[in-house]
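Chemist: Got data_1.cif for you, mmCIF, C-alpha atoms:
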```cif
data_run
loop_
_atom_site.label_atom_id
_atom_site.label_comp_id
_atom_site.auth_asym_id
_atom_site.auth_seq_id
_atom_site.Cartn_x
_atom_site.Cartn_y
_atom_site.Cartn_z
CA MET L 1 -0.77 46.52 31.31
CA SER L 2 0.04 42.80 30.94
CA THR L 3 2.73 41.62 28.53
CA ARG L 4 0.05 39.94 26.40
CA HIS L 5 -1.87 43.22 26.17
CA ARG L 6 1.36 45.06 25.29
CA LEU L 7 2.06 42.54 22.53
CA ALA L 8 -1.48 42.88 21.21
CA ALA L 9 -1.16 46.66 21.27
CA ALA L 10 2.17 46.58 19.41
CA VAL L 11 0.80 44.29 16.72
CA ALA L 12 -2.29 46.47 16.38
CA VAL L 13 -0.11 49.54 15.83
CA VAL L 14 2.03 48.01 13.10
CA ALA L 15 -0.41 45.71 11.27
CA VAL L 16 -2.66 46.91 8.48
CA ALA L 17 -6.31 45.94 7.97
CA LEU L 18 -6.51 43.51 10.87
CA SER L 19 -10.30 43.47 10.82
CA LEU L 20 -12.51 40.46 11.56
CA VAL L 21 -14.22 39.13 8.47
CA ALA L 22 -17.30 36.88 8.58
CA CYS L 23 -16.06 34.24 6.17
CA ALA L 24 -14.89 30.66 6.48
CA PRO L 25 -11.15 29.96 6.88
CA ALA L 26 -9.55 28.82 3.61
CA ASP L 27 -7.11 26.06 2.64
CA GLY L 28 -7.76 23.88 5.67
CA VAL L 29 -7.06 26.60 8.21
CA ARG L 30 -9.24 26.08 11.28
CA PRO L 31 -9.69 27.19 14.90
CA VAL L 32 -7.17 25.71 17.32
CA THR L 33 -8.15 22.68 19.37
CA THR L 34 -7.94 22.67 23.16
CA GLU L 35 -4.58 20.88 23.03
CA GLU L 36 -3.21 23.25 20.39
CA SER L 37 -4.33 26.28 22.35
CA GLN L 38 -2.37 24.98 25.34
CA VAL L 39 0.78 24.66 23.22
CA LEU L 40 0.34 28.20 21.85
CA ALA L 41 -0.45 29.52 25.34
CA SER L 42 2.90 28.25 26.62
CA MET L 43 4.96 29.90 23.85
CA ARG L 44 5.71 33.25 25.50
CA PHE L 45 6.37 31.61 28.86
CA ARG L 46 8.85 29.23 27.21
CA ASN L 47 10.71 32.28 25.85
CA PHE L 48 10.75 33.83 29.32
CA ASP L 49 11.86 30.53 30.89
CA ALA L 50 14.69 30.19 28.36
CA GLY L 51 15.90 33.69 29.27
CA THR L 52 18.03 34.74 26.32
CA ARG L 53 17.37 33.47 22.79
CA ALA L 54 19.17 34.16 19.52
CA LEU L 55 17.18 35.93 16.81
CA SER L 56 17.61 37.29 13.30
CA PHE L 57 15.44 39.13 10.80
CA ALA L 58 15.61 41.50 7.85
CA LEU L 59 13.21 44.22 6.78
CA GLU L 60 12.87 47.06 4.31
CA GLU L 61 13.13 50.53 5.83
CA GLY L 62 12.77 53.16 3.13
CA ASP L 63 15.51 52.50 0.54
CA LEU L 64 17.50 50.31 2.93
CA THR L 65 17.40 46.62 3.77
CA LEU L 66 18.17 46.21 7.45
CA ALA L 67 19.56 42.87 8.61
CA ILE L 68 19.55 42.33 12.38
CA ALA L 69 21.19 39.41 14.17
CA GLY L 70 21.59 39.13 17.92
CA TRP L 71 19.80 38.09 21.07
CA TYR L 72 16.84 38.98 23.24
CA ASP L 73 16.71 38.39 27.00
CA PHE L 74 13.01 37.78 27.66
CA ALA L 75 13.55 37.61 31.43
CA GLY L 76 15.70 40.77 31.55
CA HIS L 77 13.63 42.60 28.90
CA ARG L 78 16.54 43.71 26.73
CA GLY L 79 17.92 42.94 23.29
CA TYR L 80 21.31 43.38 21.67
CA GLY L 81 22.81 42.62 18.30
CA LEU L 82 24.23 43.85 15.05
CA LEU L 83 22.40 45.99 12.49
CA ASP L 84 23.78 45.74 8.94
CA THR L 85 22.49 47.98 6.13
CA GLY L 86 24.87 46.66 3.48
CA ASP L 87 26.56 50.05 3.50
CA GLY L 88 27.39 50.13 7.20
CA ARG L 89 27.10 48.31 10.50
CA ALA L 90 26.06 49.43 13.98
CA LEU L 91 25.45 47.84 17.34
CA LEU L 92 21.81 47.84 18.41
CA ALA L 93 20.42 47.56 21.95
CA TRP L 94 16.83 47.92 23.10
CA THR L 95 14.31 47.37 25.86
CA GLY L 96 10.53 47.68 25.87
CA ASP L 97 10.99 51.45 26.24
CA THR L 98 14.22 52.58 24.55
CA VAL L 99 16.48 51.90 21.55
CA GLY L 100 20.22 52.53 21.49
CA MET L 101 22.62 52.47 18.53
CA SER L 102 26.40 52.63 18.45
CA ALA L 103 28.64 53.07 15.43
CA GLY L 104 31.33 51.04 17.17
CA ALA L 105 30.48 47.76 15.43
CA PRO L 106 33.11 45.33 14.11
CA GLU L 107 33.65 45.30 10.36
CA ASP L 108 32.76 41.61 10.15
CA GLY L 109 31.42 38.86 12.37
CA ALA L 110 28.65 38.97 14.96
CA ALA L 111 28.03 41.57 17.63
CA PRO L 112 30.76 41.23 20.26
CA LEU L 113 29.99 39.63 23.63
CA PRO L 114 30.09 40.86 26.27
CA MET L 115 28.75 44.22 25.14
CA PRO L 116 31.63 46.69 24.73
CA GLU L 117 31.93 48.93 27.75
CA ASP L 118 33.53 51.73 25.71
CA ALA L 119 30.83 51.90 23.01
CA GLU L 120 29.18 55.30 22.57
CA TRP L 121 25.41 54.94 22.37
CA SER L 122 22.72 57.21 20.96
CA THR L 123 19.45 56.36 22.73
CA THR L 124 15.87 57.26 21.80
CA PRO L 125 12.44 56.16 23.07
CA LEU L 126 11.05 53.00 21.49
CA ASP L 127 8.15 54.23 19.35
CA PRO L 128 6.41 51.54 17.22
CA THR L 129 4.78 54.26 15.10
CA SER L 130 8.09 55.88 14.12
CA SER L 131 9.57 53.13 11.92
CA ARG L 132 9.23 49.51 10.88
CA LEU L 133 12.37 48.68 12.88
CA HIS L 134 10.93 50.13 16.09
CA ALA L 135 7.70 48.27 15.40
CA LEU L 136 9.50 44.92 15.14
CA LEU L 137 11.58 45.60 18.25
CA ALA L 138 8.38 46.33 20.18
CA VAL L 139 6.79 43.08 19.00
CA ILE L 140 9.90 41.10 20.02
CA ALA L 141 9.79 42.69 23.47
CA GLY L 142 6.21 41.40 23.83
CA LEU L 143 7.01 37.78 22.94
CA GLY L 144 7.87 36.79 26.51
CA SER L 145 5.77 36.46 29.66
CA ASP L 146 6.40 35.21 33.19
CA ARG L 147 3.28 33.03 32.99
CA PRO L 148 1.45 31.13 30.26
CA ASP L 149 -1.34 32.83 28.36
CA ASN L 150 -4.95 31.77 28.86
CA PRO L 151 -5.56 28.94 26.35
CA LEU L 152 -9.34 29.35 26.51
CA LEU L 153 -9.01 33.05 25.65
CA LEU L 154 -6.76 32.18 22.70
CA GLN L 155 -9.50 29.91 21.39
CA GLN L 156 -12.23 32.46 22.02
CA SER L 157 -10.32 35.36 20.44
CA GLY L 158 -9.61 33.63 17.12
CA ALA L 159 -6.27 31.77 17.19
CA LEU L 160 -6.01 29.44 14.17
CA TRP L 161 -4.17 26.27 13.15
CA VAL L 162 -2.53 26.92 9.78
CA ALA L 163 -0.20 24.01 8.92
CA GLU L 164 2.27 21.38 10.10
CA GLU L 165 5.85 22.06 8.91
CA THR L 166 9.49 21.64 9.93
CA VAL L 167 12.10 24.26 10.84
CA ASP L 168 15.71 23.05 10.73
CA GLY L 169 14.41 19.50 10.92
CA GLU L 170 12.18 20.18 13.95
CA PRO L 171 8.45 19.43 13.52
CA VAL L 172 6.41 22.55 14.26
CA THR L 173 2.82 23.73 14.09
CA VAL L 174 2.11 27.02 12.35
CA PHE L 175 -0.46 29.13 14.21
CA ALA L 176 -2.11 32.41 13.29
CA GLY L 177 -2.29 34.58 16.38
CA PRO L 178 -5.64 36.02 17.43
CA PRO L 179 -6.56 39.17 15.48
CA SER L 180 -8.15 40.57 18.63
CA ASP L 181 -7.29 40.55 22.32
CA GLU L 182 -10.98 40.09 23.17
CA PRO L 183 -13.34 37.09 22.75
CA LEU L 184 -15.24 36.98 19.47
CA HIS L 185 -19.00 37.00 19.24
CA THR L 186 -20.56 33.56 19.41
CA GLY L 187 -20.47 31.92 15.98
CA ALA L 188 -18.04 34.44 14.50
CA GLU L 189 -15.44 33.11 12.08
CA VAL L 190 -12.00 34.60 11.47
CA ASP L 191 -10.34 35.35 8.16
CA PRO L 192 -6.77 33.95 8.41
CA ASP L 193 -5.50 37.15 6.77
CA ALA L 194 -6.99 39.20 9.61
CA SER L 195 -4.16 38.13 11.91
CA GLY L 196 -0.90 40.07 11.83
CA THR L 197 1.12 37.21 13.35
CA ARG L 198 2.18 33.66 12.46
CA TYR L 199 4.07 31.44 14.90
CA TRP L 200 6.07 28.25 14.19
CA VAL L 201 5.92 26.41 17.52
CA ASP L 202 7.10 22.89 18.43
CA ALA L 203 5.18 20.43 20.59
CA GLY L 204 6.90 21.76 23.72
CA GLY L 205 5.76 25.34 23.06
CA VAL L 206 9.16 26.60 21.84
CA LEU L 207 8.96 29.35 19.21
CA HIS L 208 11.27 28.69 16.22
CA ARG L 209 9.99 31.29 13.77
CA ALA L 210 7.50 34.15 13.57
CA ASP L 211 6.06 36.19 10.73
CA ILE L 212 4.87 39.67 11.70
CA ARG L 213 2.91 41.92 9.34
CA VAL L 214 4.36 45.42 9.46
CA GLY L 215 2.97 48.21 7.31
CA GLY L 216 1.22 45.73 5.03
CA ALA L 217 4.28 43.50 4.46
CA TRP L 218 5.39 40.38 6.32
CA VAL L 219 8.72 40.21 8.15
CA ARG L 220 10.18 36.85 9.21
CA LEU L 221 11.98 36.42 12.53
CA ASP L 222 14.02 33.29 13.24
CA PHE L 223 14.74 32.17 16.79
CA ALA L 224 17.28 29.71 18.22
CA ALA L 225 18.76 28.66 21.54
CA ALA L 226 21.46 30.89 23.03
CA GLN L 227 23.53 29.08 25.62
CA HIS L 228 25.47 31.08 28.20
CA VAL L 229 24.71 34.48 26.64
CA ASP L 230 24.46 37.25 29.27
CA LEU L 231 23.40 40.66 27.97
CA GLY L 232 23.94 42.41 31.29
CA ALA L 233 22.39 45.82 31.87
CA GLY L 234 22.59 46.83 28.20
CA ALA L 235 23.04 50.25 26.67
CA ALA L 236 19.29 50.81 26.43
CA GLY L 237 18.66 49.88 30.03
#
```
For the structure just supplied, provide its representation as structure tokens.

Modeler:
Amino acid sequence: MSTRHRLAAAVAVVAVALSLVACAPADGVRPVTTEESQVLASMRFRNFDAGTRALSFALEEGDLTLAIAGWYDFAGHRGYGLLDTGDGRALLAWTGDTVGMSAGAPEDGAAPLPMPEDAEWSTTPLDPTSSRLHALLAVIAGLGSDRPDNPLLLQQSGALWVAEETVDGEPVTVFAGPPSDEPLHTGAEVDPDASGTRYWVDAGGVLHRADIRVGGAWVRLDFAAAQHVDLGAGAAG
């Protein structure tokens, strides 16, 4: 299965009510142009080409608010960072298949680099249906690809232009990802709320922010450059 199909499958598992609706896009939202589709099509390849990128997000999991800050190596297919519940902290490591946690996290500061060799890890399979955290980790793992996506398919399957904004002073275009991995019927229109993804992408195709709908609620992920960060084999490898 291609990385784009894996990403589509992960989003389909965690999003709610992602059905196509035959109504006109609202508030100026429109289908992407050819040029915009090419920018969006390069996004996952730009992540892969960058290798490791910094990321952070927070989500509700039951009665807890989980804050995660760390890195994901899109070329090596592994992530690592710090999970903070407010009541405790743990190291977190994951791949597209497994998730590892270690109680050996520092009391303050970021996750230590390089990864501690003496950390004791508890590893489980990555299952997007088991929790909102696993769902988000699966989506992150699908946000990189060793080749650009097909821009024509993005147009045909319902990708939308949403807005022009800035993130940390950088001009970006906000896109709604396609609600389907397959081309729409000729003449079909897409409800912007049918998509479970939003991407803030600059003119060079670099992803700065993403909103992912998980269990009916949106979760925001912020991305940044990560110079000289090597995650190595990782505990979940």

Chemist: Using only C-alpha atoms, what residues lie at most 10 Å away from (8.4, 37.1, 5.5) (file coordinates), given as a PyMOL selection string?

Modeler: chain L and resi 57-59+198+210-213+217-221

Chemist: Could you please take those selected residues and save C-alpha atoms as a JSON list (two decimals), in the frame of the given file?

Modeler:
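Result file follows (out_31.json):
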```json
[["chain", "number", "residue", "atom", "x", "y", "z"],
["L", 57, "PHE", "CA", 15.44, 39.13, 10.80],
["L", 58, "ALA", "CA", 15.61, 41.50, 7.85],
["L", 59, "LEU", "CA", 13.21, 44.22, 6.78],
["L", 198, "ARG", "CA", 2.18, 33.66, 12.46],
["L", 210, "ALA", "CA", 7.50, 34.15, 13.57],
["L", 211, "ASP", "CA", 6.06, 36.19, 10.73],
["L", 212, "ILE", "CA", 4.87, 39.67, 11.70],
["L", 213, "ARG", "CA", 2.91, 41.92, 9.34],
["L", 217, "ALA", "CA", 4.28, 43.50, 4.46],
["L", 218, "TRP", "CA", 5.39, 40.38, 6.32],
["L", 219, "VAL", "CA", 8.72, 40.21, 8.15],
["L", 220, "ARG", "CA", 10.18, 36.85, 9.21],
["L", 221, "LEU", "CA", 11.98, 36.42, 12.53]]
```

Chemist: Would you mind reading off the distance between atom CA of Asp202 of chain L and atom CA of Arg78 of chain L, one decimal, in Å?

Modeler: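 It comes out at 24.3 Å.
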
Chemist: Quick one: which residues end up in the PyMOL selection byres ((chain L and resi 47) around 10) for this structure, as a PDB file with C-alpha atoms, in the coordinates of the input?

Modeler:
```
ATOM      1  CA  SER L  42       2.900  28.250  26.620  1.00  0.00           C
ATOM      2  CA  MET L  43       4.960  29.900  23.850  1.00  0.00           C
ATOM      3  CA  ARG L  44       5.710  33.250  25.500  1.00  0.00           C
ATOM      4  CA  PHE L  45       6.370  31.610  28.860  1.00  0.00           C
ATOM      5  CA  ARG L  46       8.850  29.230  27.210  1.00  0.00           C
ATOM      6  CA  PHE L  48      10.750  33.830  29.320  1.00  0.00           C
ATOM      7  CA  ASP L  49      11.860  30.530  30.890  1.00  0.00           C
ATOM      8  CA  ALA L  50      14.690  30.190  28.360  1.00  0.00           C
ATOM      9  CA  GLY L  51      15.900  33.690  29.270  1.00  0.00           C
ATOM     10  CA  THR L  52      18.030  34.740  26.320  1.00  0.00           C
ATOM     11  CA  ARG L  53      17.370  33.470  22.790  1.00  0.00           C
ATOM     12  CA  TYR L  72      16.840  38.980  23.240  1.00  0.00           C
ATOM     13  CA  ASP L  73      16.710  38.390  27.000  1.00  0.00           C
ATOM     14  CA  PHE L  74      13.010  37.780  27.660  1.00  0.00           C
ATOM     15  CA  ALA L  75      13.550  37.610  31.430  1.00  0.00           C
ATOM     16  CA  LEU L 143       7.010  37.780  22.940  1.00  0.00           C
ATOM     17  CA  GLY L 144       7.870  36.790  26.510  1.00  0.00           C
ATOM     18  CA  SER L 145       5.770  36.460  29.660  1.00  0.00           C
ATOM     19  CA  ASP L 146       6.400  35.210  33.190  1.00  0.00           C
ATOM     20  CA  GLY L 205       5.760  25.340  23.060  1.00  0.00           C
ATOM     21  CA  VAL L 206       9.160  26.600  21.840  1.00  0.00           C
ATOM     22  CA  LEU L 207       8.960  29.350  19.210  1.00  0.00           C
ATOM     23  CA  PHE L 223      14.740  32.170  16.790  1.00  0.00           C
ATOM     24  CA  ALA L 225      18.760  28.660  21.540  1.00  0.00           C
TER      25      ALA L 225
END
```

Chemist: Tell me, as a PyMOL selection string, which residues lie within 8 Å of Leu231 of chain L, counting all atoms listed in the file; anything in the same chain fewer than 5 positions away does not count.

Modeler: chain L and resi 73+78-80+113-115

Chemist: Store the residues of this selection in a file with C-alpha atoms, as a CSV table (one decimal), keeping the file's coordinate frame.

Modeler:
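Wrote result_1.csv, looks like this:
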```
chain,number,residue,atom,x,y,z
L,73,ASP,CA,16.7,38.4,27.0
L,78,ARG,CA,16.5,43.7,26.7
L,79,GLY,CA,17.9,42.9,23.3
L,80,TYR,CA,21.3,43.4,21.7
L,113,LEU,CA,30.0,39.6,23.6
L,114,PRO,CA,30.1,40.9,26.3
L,115,MET,CA,28.8,44.2,25.1
```

Chemist: I'd like to see the residues matched by the PyMOL selection byres ((chain L and resi 167-182) around 6) on this file, and ideally I'd get them as a PyMOL selection string.

Modeler: chain L and resi 157-166+183+194-195+197-202

Chemist: May I have the residues within 12 Å of Thr65 of chain L as a count of residues only, using only C-alpha atoms and disregarding those fewer than 4 positions away in the same chain?

Modeler: 15

Chemist: What is the distance, in Å and to one decimal place, between atom CA of Pro106 of chain L and atom CA of Trp71 of chain L?

Modeler: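 Distance reported for this atom pair: 16.7 Å.
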
Chemist: Please indicate the distance in Å from atom CA of Ser56 of chain L to atom CA of Thr124 of chain L, rounded to one decimal place.

Modeler: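 Taking atom CA of Ser56 of chain L as the start and atom CA of Thr124 of chain L as the end point, the length is 21.8 Å.
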
Chemist: I'd like to see the residues matched by the PyMOL selection byres ((chain L and resi 102) around 10) on this file, and ideally I'd get them as a PyMOL selection string.

Modeler: chain L and resi 82-83+89-93+100-101+103-105+119-123+235

Chemist: Please work out which residues fall within 9 Å of (10.4, 43.6, 22.3), coordinates as given in the file, with only C-alpha atoms counting, and return them as JSON, numbers by chain.

Modeler: {"L": [7, 72, 74, 77, 78, 79, 94, 95, 96, 97, 135, 136, 137, 138, 139, 140, 141, 142, 143, 144]}

Chemist: Nearest to Ser37 of chain L among L:Gly215, L:Gly196, L:Pro151, L:Gly62, with distances taken over all atoms listed in the file: which residue is it?

Modeler: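 Among L:Gly215, L:Gly196, L:Pro151, L:Gly62, it is L:Pro151 that comes nearest to Ser37 of chain L.
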
Chemist: Which residue, L:Gln227, L:Thr129, L:Thr186, L:Thr34, has the smallest gap to Gln155 of chain L when you use all atoms listed in the file?

Modeler: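 Distance minimum relative to Gln155 of chain L lands on L:Thr34.
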
Chemist: Find the residue from L:Gly204, L:Gly216, L:Pro116, L:Pro31 that sits nearest to Leu154 of chain L; use only C-alpha atoms when measuring.

Modeler: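 Among the listed residues, L:Pro31 lies closest to Leu154 of chain L.
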
Chemist: Could you check the closest approach to Gln38 of chain L for each of L:Glu189, L:Asp230, L:Asp149, L:Asp222 and tell me which residue wins, using all atoms listed in the file?

Modeler: L:Asp149

Chemist: Would you mind completing segment 83-103 of chain L to N, CA, C and O atoms and writing the output as an mmCIF file, keeping the file's coordinate frame?

Modeler:
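The resulting selection_9.cif:
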```cif
data_model
loop_
_atom_site.group_PDB
_atom_site.id
_atom_site.type_symbol
_atom_site.label_atom_id
_atom_site.label_comp_id
_atom_site.auth_asym_id
_atom_site.auth_seq_id
_atom_site.Cartn_x
_atom_site.Cartn_y
_atom_site.Cartn_z
ATOM 1 N N LEU L 83 23.237 45.498 13.581
ATOM 2 C CA LEU L 83 22.400 45.990 12.490
ATOM 3 C C LEU L 83 23.301 46.249 11.289
ATOM 4 O O LEU L 83 24.278 46.988 11.391
ATOM 5 N N ASP L 84 22.967 45.625 10.152
ATOM 6 C CA ASP L 84 23.780 45.740 8.940
ATOM 7 C C ASP L 84 22.895 46.260 7.815
ATOM 8 O O ASP L 84 21.878 45.646 7.478
ATOM 9 N N THR L 85 23.268 47.401 7.230
ATOM 10 C CA THR L 85 22.490 47.980 6.130
ATOM 11 C C THR L 85 23.050 47.623 4.766
ATOM 12 O O THR L 85 22.477 47.994 3.746
ATOM 13 N N GLY L 86 24.168 46.901 4.738
ATOM 14 C CA GLY L 86 24.870 46.660 3.480
ATOM 15 C C GLY L 86 25.893 47.724 3.200
ATOM 16 O O GLY L 86 26.934 47.453 2.596
ATOM 17 N N ASP L 87 25.615 48.936 3.653
ATOM 18 C CA ASP L 87 26.560 50.050 3.500
ATOM 19 C C ASP L 87 27.296 50.366 4.803
ATOM 20 O O ASP L 87 28.283 51.107 4.795
ATOM 21 N N GLY L 88 26.789 49.857 5.903
ATOM 22 C CA GLY L 88 27.390 50.130 7.200
ATOM 23 C C GLY L 88 26.817 49.223 8.267
ATOM 24 O O GLY L 88 25.789 48.574 8.072
ATOM 25 N N ARG L 89 27.508 49.181 9.400
ATOM 26 C CA ARG L 89 27.100 48.310 10.500
ATOM 27 C C ARG L 89 27.082 49.105 11.792
ATOM 28 O O ARG L 89 27.883 50.028 11.975
ATOM 29 N N ALA L 90 26.170 48.758 12.680
ATOM 30 C CA ALA L 90 26.060 49.430 13.980
ATOM 31 C C ALA L 90 25.600 48.402 15.006
ATOM 32 O O ALA L 90 24.927 47.415 14.680
ATOM 33 N N LEU L 91 25.979 48.635 16.250
ATOM 34 C CA LEU L 91 25.450 47.840 17.340
ATOM 35 C C LEU L 91 24.068 48.377 17.705
ATOM 36 O O LEU L 91 23.818 49.583 17.640
ATOM 37 N N LEU L 92 23.185 47.485 18.090
ATOM 38 C CA LEU L 92 21.810 47.840 18.410
ATOM 39 C C LEU L 92 21.460 47.239 19.762
ATOM 40 O O LEU L 92 21.742 46.062 20.024
ATOM 41 N N ALA L 93 20.872 48.042 20.645
ATOM 42 C CA ALA L 93 20.420 47.560 21.950
ATOM 43 C C ALA L 93 19.060 48.170 22.248
ATOM 44 O O ALA L 93 18.827 49.338 21.928
ATOM 45 N N TRP L 94 18.162 47.374 22.827
ATOM 46 C CA TRP L 94 16.830 47.920 23.100
ATOM 47 C C TRP L 94 16.163 47.216 24.263
ATOM 48 O O TRP L 94 16.523 46.104 24.651
ATOM 49 N N THR L 95 15.195 47.918 24.846
ATOM 50 C CA THR L 95 14.310 47.370 25.860
ATOM 51 C C THR L 95 12.878 47.596 25.369
ATOM 52 O O THR L 95 12.667 47.995 24.222
ATOM 53 N N GLY L 96 11.906 47.380 26.234
ATOM 54 C CA GLY L 96 10.530 47.680 25.870
ATOM 55 C C GLY L 96 10.244 49.157 25.784
ATOM 56 O O GLY L 96 9.166 49.562 25.319
ATOM 57 N N ASP L 97 11.212 50.004 26.194
ATOM 58 C CA ASP L 97 10.990 51.450 26.240
ATOM 59 C C ASP L 97 11.967 52.263 25.412
ATOM 60 O O ASP L 97 11.638 53.378 24.982
ATOM 61 N N THR L 98 13.181 51.765 25.185
ATOM 62 C CA THR L 98 14.220 52.580 24.550
ATOM 63 C C THR L 98 14.991 51.766 23.515
ATOM 64 O O THR L 98 15.041 50.534 23.572
ATOM 65 N N VAL L 99 15.629 52.494 22.578
ATOM 66 C CA VAL L 99 16.480 51.900 21.550
ATOM 67 C C VAL L 99 17.800 52.652 21.543
ATOM 68 O O VAL L 99 17.818 53.888 21.511
ATOM 69 N N GLY L 100 18.904 51.916 21.567
ATOM 70 C CA GLY L 100 20.220 52.530 21.490
ATOM 71 C C GLY L 100 20.994 52.000 20.300
ATOM 72 O O GLY L 100 20.895 50.824 19.953
ATOM 73 N N MET L 101 21.760 52.872 19.630
ATOM 74 C CA MET L 101 22.620 52.470 18.530
ATOM 75 C C MET L 101 24.024 53.013 18.764
ATOM 76 O O MET L 101 24.198 54.100 19.306
ATOM 77 N N SER L 102 25.007 52.221 18.323
ATOM 78 C CA SER L 102 26.400 52.630 18.450
ATOM 79 C C SER L 102 27.122 52.313 17.148
ATOM 80 O O SER L 102 26.976 51.219 16.594
ATOM 81 N N ALA L 103 27.888 53.278 16.666
ATOM 82 C CA ALA L 103 28.640 53.070 15.430
ATOM 83 C C ALA L 103 29.861 52.182 15.648
ATOM 84 O O ALA L 103 30.523 51.804 14.690
#
```
